[in-house]
file query20.cif (mmCIF, C-alpha atoms)
data_protein
#
loop_
_atom_site.label_atom_id
_atom_site.label_comp_id
_atom_site.auth_asym_id
_atom_site.auth_seq_id
_atom_site.Cartn_x
_atom_site.Cartn_y
_atom_site.Cartn_z
CA MET U 16 0.00 0.00 0.00
CA ARG U 17 2.80 2.37 0.76
CA ARG U 18 4.43 2.08 -2.68
CA PRO U 19 1.38 3.31 -4.68
CA ALA U 20 1.06 6.31 -2.35
CA VAL U 21 4.75 7.22 -2.88
CA VAL U 22 4.43 6.82 -6.67
CA LEU U 23 1.27 8.93 -6.73
CA GLY U 24 2.91 11.60 -4.54
CA LEU U 25 6.00 11.70 -6.77
CA PHE U 26 3.77 11.92 -9.84
CA LEU U 27 1.86 14.89 -8.39
CA VAL U 28 5.08 16.70 -7.44
CA LEU U 29 6.49 16.21 -10.95
CA CYS U 30 3.23 17.44 -12.52
CA ALA U 31 3.27 20.56 -10.37
CA ALA U 32 6.92 21.21 -11.26
CA ALA U 33 6.24 20.75 -14.99
CA CYS U 34 3.33 23.19 -14.85
CA SER U 35 5.45 25.86 -13.18
CA ILE U 36 8.29 25.75 -15.72
CA ARG U 37 8.09 28.66 -18.13
CA ARG U 38 9.10 28.01 -21.67
CA GLN U 39 11.61 30.51 -23.00
CA VAL U 40 10.25 31.84 -26.27
CA SER U 41 12.54 33.80 -28.53
CA PRO U 42 11.19 37.14 -29.72
CA PRO U 43 10.54 37.38 -33.46
CA SER U 44 13.44 39.83 -33.82
CA PRO U 45 16.41 41.17 -31.85
CA TYR U 46 14.85 44.63 -32.34
CA CYS U 47 11.96 43.78 -30.00
CA ARG U 48 12.05 45.85 -26.82
CA GLY U 49 11.34 44.91 -23.25
CA GLY U 50 9.02 46.86 -21.00
CA GLY U 51 5.70 48.37 -21.94
CA PRO U 52 5.16 48.11 -25.69
CA LEU U 53 3.30 51.44 -25.80
CA ALA U 54 5.89 53.49 -23.89
CA GLY U 55 6.04 57.00 -25.33
CA VAL U 56 2.81 56.66 -27.34
CA TYR U 57 0.33 59.53 -27.09
CA ARG U 58 -3.05 58.33 -25.71
CA PRO U 59 -2.11 54.64 -25.49
CA GLN U 60 -5.53 53.74 -24.05
CA ARG U 61 -6.98 53.91 -27.59
CA LEU U 62 -4.69 51.04 -28.65
CA ARG U 63 -5.24 47.35 -27.83
CA VAL U 64 -2.00 45.35 -28.00
CA LYS U 65 -2.46 42.21 -30.10
CA SER U 66 1.23 41.24 -29.95
CA GLY U 67 4.05 42.91 -28.04
CA CYS U 68 6.45 42.53 -30.96
CA THR U 69 5.61 41.70 -34.57
CA VAL U 70 7.42 41.72 -37.91
CA ALA U 71 5.69 43.13 -41.01
CA VAL U 72 7.06 43.25 -44.56
CA GLY U 73 5.66 45.25 -47.43
CA ARG U 74 5.88 48.23 -49.76
CA VAL U 75 5.55 51.85 -48.57
CA ARG U 76 2.58 53.58 -50.19
CA LYS U 77 2.70 56.87 -48.29
CA VAL U 78 4.75 58.69 -45.64
CA LYS U 79 3.08 61.52 -43.72
CA PHE U 80 4.41 63.70 -40.90
CA GLU U 81 1.71 64.39 -38.29
CA GLU U 82 2.18 67.91 -36.98
CA TYR U 83 -0.10 67.41 -33.97
CA ASP U 84 1.71 64.61 -32.12
CA GLY U 85 4.92 64.41 -34.19
CA ASP U 86 4.36 60.81 -35.28
CA VAL U 87 5.36 59.77 -38.76
CA HIS U 88 2.59 57.69 -40.37
CA ILE U 89 3.56 55.13 -42.98
CA ASP U 90 0.95 53.34 -45.08
CA LEU U 91 2.44 49.90 -45.75
CA ARG U 92 0.99 47.46 -48.29
CA PRO U 93 1.75 44.08 -46.70
CA ASP U 94 3.51 41.40 -48.74
CA PRO U 95 1.72 38.05 -49.21
CA GLY U 96 1.68 36.23 -45.89
CA TYR U 97 1.50 39.48 -43.89
CA GLU U 98 -2.10 40.39 -44.82
CA LYS U 99 -3.15 38.63 -41.62
CA LEU U 100 -2.01 41.76 -39.80
CA LEU U 101 -4.88 43.74 -41.34
CA ALA U 102 -8.41 44.22 -40.00
CA GLY U 103 -11.60 45.20 -41.78
CA GLY U 104 -10.97 48.86 -40.95
CA ASN U 105 -7.71 48.82 -42.89
CA ASP U 106 -9.85 48.73 -46.06
CA ARG U 107 -10.73 52.38 -45.36
CA ILE U 108 -7.06 53.27 -45.83
CA GLY U 109 -6.53 51.34 -49.04
CA GLY U 110 -5.88 47.95 -47.44
CA ASN U 111 -2.65 49.26 -45.94
CA LEU U 112 -1.18 48.61 -42.51
CA VAL U 113 -0.54 51.82 -40.57
CA VAL U 114 3.00 52.04 -39.18
CA GLU U 115 3.80 54.88 -36.79
CA ILE U 116 7.21 56.13 -35.68
CA ILE U 117 7.02 58.29 -32.55
CA PRO U 118 9.21 61.43 -32.25
CA GLN U 119 11.32 59.97 -29.42
CA ASP U 120 12.43 57.13 -31.74
CA ARG U 121 13.18 59.16 -34.85
CA SER U 122 16.86 59.47 -33.91
CA ARG U 123 17.23 55.68 -34.21
CA VAL U 124 14.43 54.45 -36.52
CA ALA U 125 14.86 55.05 -40.25
CA LEU U 126 12.15 56.84 -42.22
CA PRO U 127 11.56 55.01 -45.50
CA GLU U 128 10.86 56.49 -48.90
CA GLU U 129 7.58 55.95 -50.71
CA GLY U 130 7.79 52.89 -52.94
CA ALA U 131 10.48 51.18 -50.83
CA ARG U 132 10.03 47.56 -49.76
CA ILE U 133 10.73 47.42 -46.03
CA GLU U 134 10.55 45.28 -42.94
CA VAL U 135 9.21 46.89 -39.76
CA ILE U 136 9.21 45.68 -36.18
CA GLY U 137 7.11 46.85 -33.25
CA PRO U 138 3.92 46.16 -31.31
CA TRP U 139 0.95 45.03 -33.42
CA VAL U 140 -2.05 46.95 -32.13
CA GLU U 141 -5.69 47.62 -32.89
CA ASP U 142 -6.52 51.33 -33.03
CA THR U 143 -9.94 51.18 -31.39
CA LYS U 144 -10.70 54.79 -32.34
CA HIS U 145 -10.27 54.12 -36.07
CA GLY U 146 -10.97 50.37 -36.24
CA TRP U 147 -7.78 49.38 -38.03
CA ASN U 148 -4.57 47.61 -37.13
CA GLU U 149 -1.14 49.21 -36.84
CA ILE U 150 2.47 48.65 -35.92
CA HIS U 151 2.74 51.39 -33.29
CA PRO U 152 5.34 52.41 -32.37
CA ALA U 153 7.75 51.07 -34.97
CA TRP U 154 10.99 50.15 -33.25
CA TRP U 155 12.94 49.33 -36.41
CA VAL U 156 12.59 49.96 -40.14
CA SER U 157 14.93 48.13 -42.51
CA ALA U 158 15.54 50.92 -45.06
CA GLY U 159 15.50 54.68 -45.09
CA ALA U 160 17.26 57.61 -43.49
CA ILE U 161 17.43 58.78 -39.90
CA GLN U 162 15.62 62.12 -39.51
CA PRO U 163 15.59 63.08 -35.84
CA ALA U 164 12.61 65.03 -34.56
CA SER U 165 13.20 68.74 -34.07
CA ALA U 166 13.43 70.26 -30.61
CA THR U 167 9.99 71.81 -31.20
CA GLU U 168 8.44 68.44 -32.12
CA LEU U 169 9.99 66.78 -29.06
CA ARG U 170 8.76 69.59 -26.78
CA ARG U 171 5.26 69.34 -28.25
CA VAL U 172 4.99 65.59 -27.71
CA GLN U 173 6.47 65.91 -24.21
CA LEU U 174 3.73 68.40 -23.32
CA LEU U 175 1.08 66.10 -24.82
CA LEU U 176 2.38 63.13 -22.83
CA GLN U 177 2.44 65.16 -19.62
CA SER U 178 -1.01 66.64 -20.14
CA ALA U 179 -3.54 65.08 -17.80
CA GLU U 180 -6.49 65.97 -20.01
CA GLY U 181 -4.95 65.76 -23.47
CA ALA U 182 -5.71 68.33 -26.09
CA ALA U 183 -9.12 69.53 -27.21
CA TYR U 184 -8.28 68.82 -30.85
CA GLU U 185 -6.62 65.74 -32.25
CA ASP U 186 -6.09 64.83 -35.87
CA ASP U 187 -4.58 61.37 -35.52
CA GLY U 188 -5.82 59.85 -38.72
#
call {"tool": "encode", "arguments": {"input": "query20.cif", "output": "structure tokens"}}
result
Amino acid sequence: MRRPAVVLGLFLVLCAAACSIRRQVSPPSPYCRGGGPLAGVYRPQRLRVKSGCTVAVGRVRKVKFEEYDGDVHIDLRPDPGYEKLLAGGNDRIGGNLVVEIIPQDRSRVALPEEGARIEVIGPWVEDTKHGWNEIHPAWWVSAGAIQPASATELRRVQLLLQSAEGAAYEDDG
């Protein structure tokens, strides 16, 4: 009688140990960052993180500098296999994935040219205000030129981030 009880006890201990072991999963890229994926993003509560770090590949359709919050918006047409990153709302912007580079990262993240085929890395999020998916903020872009944000742009975004109420007007589209 004692032997089955010992075997059962050992089995339960091993099961508990196996359940508590965390599997180390490699990030999809060495450019993935630790910490909060939305650090430095203006009004992060409007974004729902779908993946803390995702890779997207495609062709740049448009690059637009947003004066209000200093973000650079990139409309990216995903390559085959990356369309899964899109949502129904992305149809309203030509079936493109929105990629945003925040001012604080412009000194280290390249700004691509329209027409370039690029790879981007950053959090994959749903913009609940607009109903589309984005990579926001982009932590790495494979091709382009570094164009740091101006002191004025950095001051503006710092004030926005510090503001408890936010601004009365926002054109974040």
call {"tool": "closest_residue", "arguments": {"input": "query20.cif", "among": "U:Tyr83, U:Tyr57, U:Trp147, U:Trp139", "to": "Thr69 of chain U", "atoms": "all atoms listed in the file"}}
result
U:Trp139
call {"tool": "resolve_selection", "arguments": {"input": "query20.cif", "expression": "the PyMOL selection byres ((chain U and resi 135) around 6)", "output": "ChimeraX atom specification"}}
result
/U:70-71,134,136,155-156
call {"tool": "resolve_selection", "arguments": {"input": "query20.cif", "expression": "the PyMOL selection byres ((chain U and resi 81) around 12)", "output": "MDAnalysis selection string"}}
result
chainID U and resid 78:80 82:89 115:118 164 168 171:172 185:188
call {"tool": "closest_residue", "arguments": {"input": "query20.cif", "among": "U:His151, U:Lys144, U:Arg170, U:Arg107", "to": "Gly67 of chain U", "atoms": "only C-alpha atoms"}}
result
U:His151
call {"tool": "resolve_selection", "arguments": {"input": "query20.cif", "expression": "the PyMOL selection byres ((chain U and resi 108) around 12)", "output": "list in words"}}
result
Arg76, Lys77, His88, Ile89, Asp90, Leu91, Arg92, Leu101, Ala102, Gly103, Gly104, Asn105, Asp106, Arg107, Gly109, Gly110, Asn111, Leu112, Val113, His145, Gly146, Trp147, Asn148, Glu149 and Gly188 of chain U
call {"tool": "residues_near_point", "arguments": {"input": "query20.cif", "point": "(7.6, 43.5, -51.8)", "cutoff": "10 Å", "atoms": "all atoms listed in the file", "output": "list in words"}}
result
Val72, Gly73, Arg74, Val75, Arg92, Pro93, Asp94, Pro95, Gly130, Ala131, Arg132, Ile133 and Glu134 of chain U
call {"tool": "atom_distance", "arguments": {"input": "query20.cif", "atom1": "atom CA of Leu174 of chain U", "atom2": "atom CA of Gly159 of chain U"}}
result
28.3 Å
call {"tool": "atom_distance", "arguments": {"input": "query20.cif", "atom1": "atom CA of Arg63 of chain U", "atom2": "atom CA of Gly137 of chain U"}}
result
13.5 Å
call {"tool": "atom_distance", "arguments": {"input": "query20.cif", "atom1": "atom CA of Ser165 of chain U", "atom2": "atom CA of Val114 of chain U"}}
result
20.2 Å
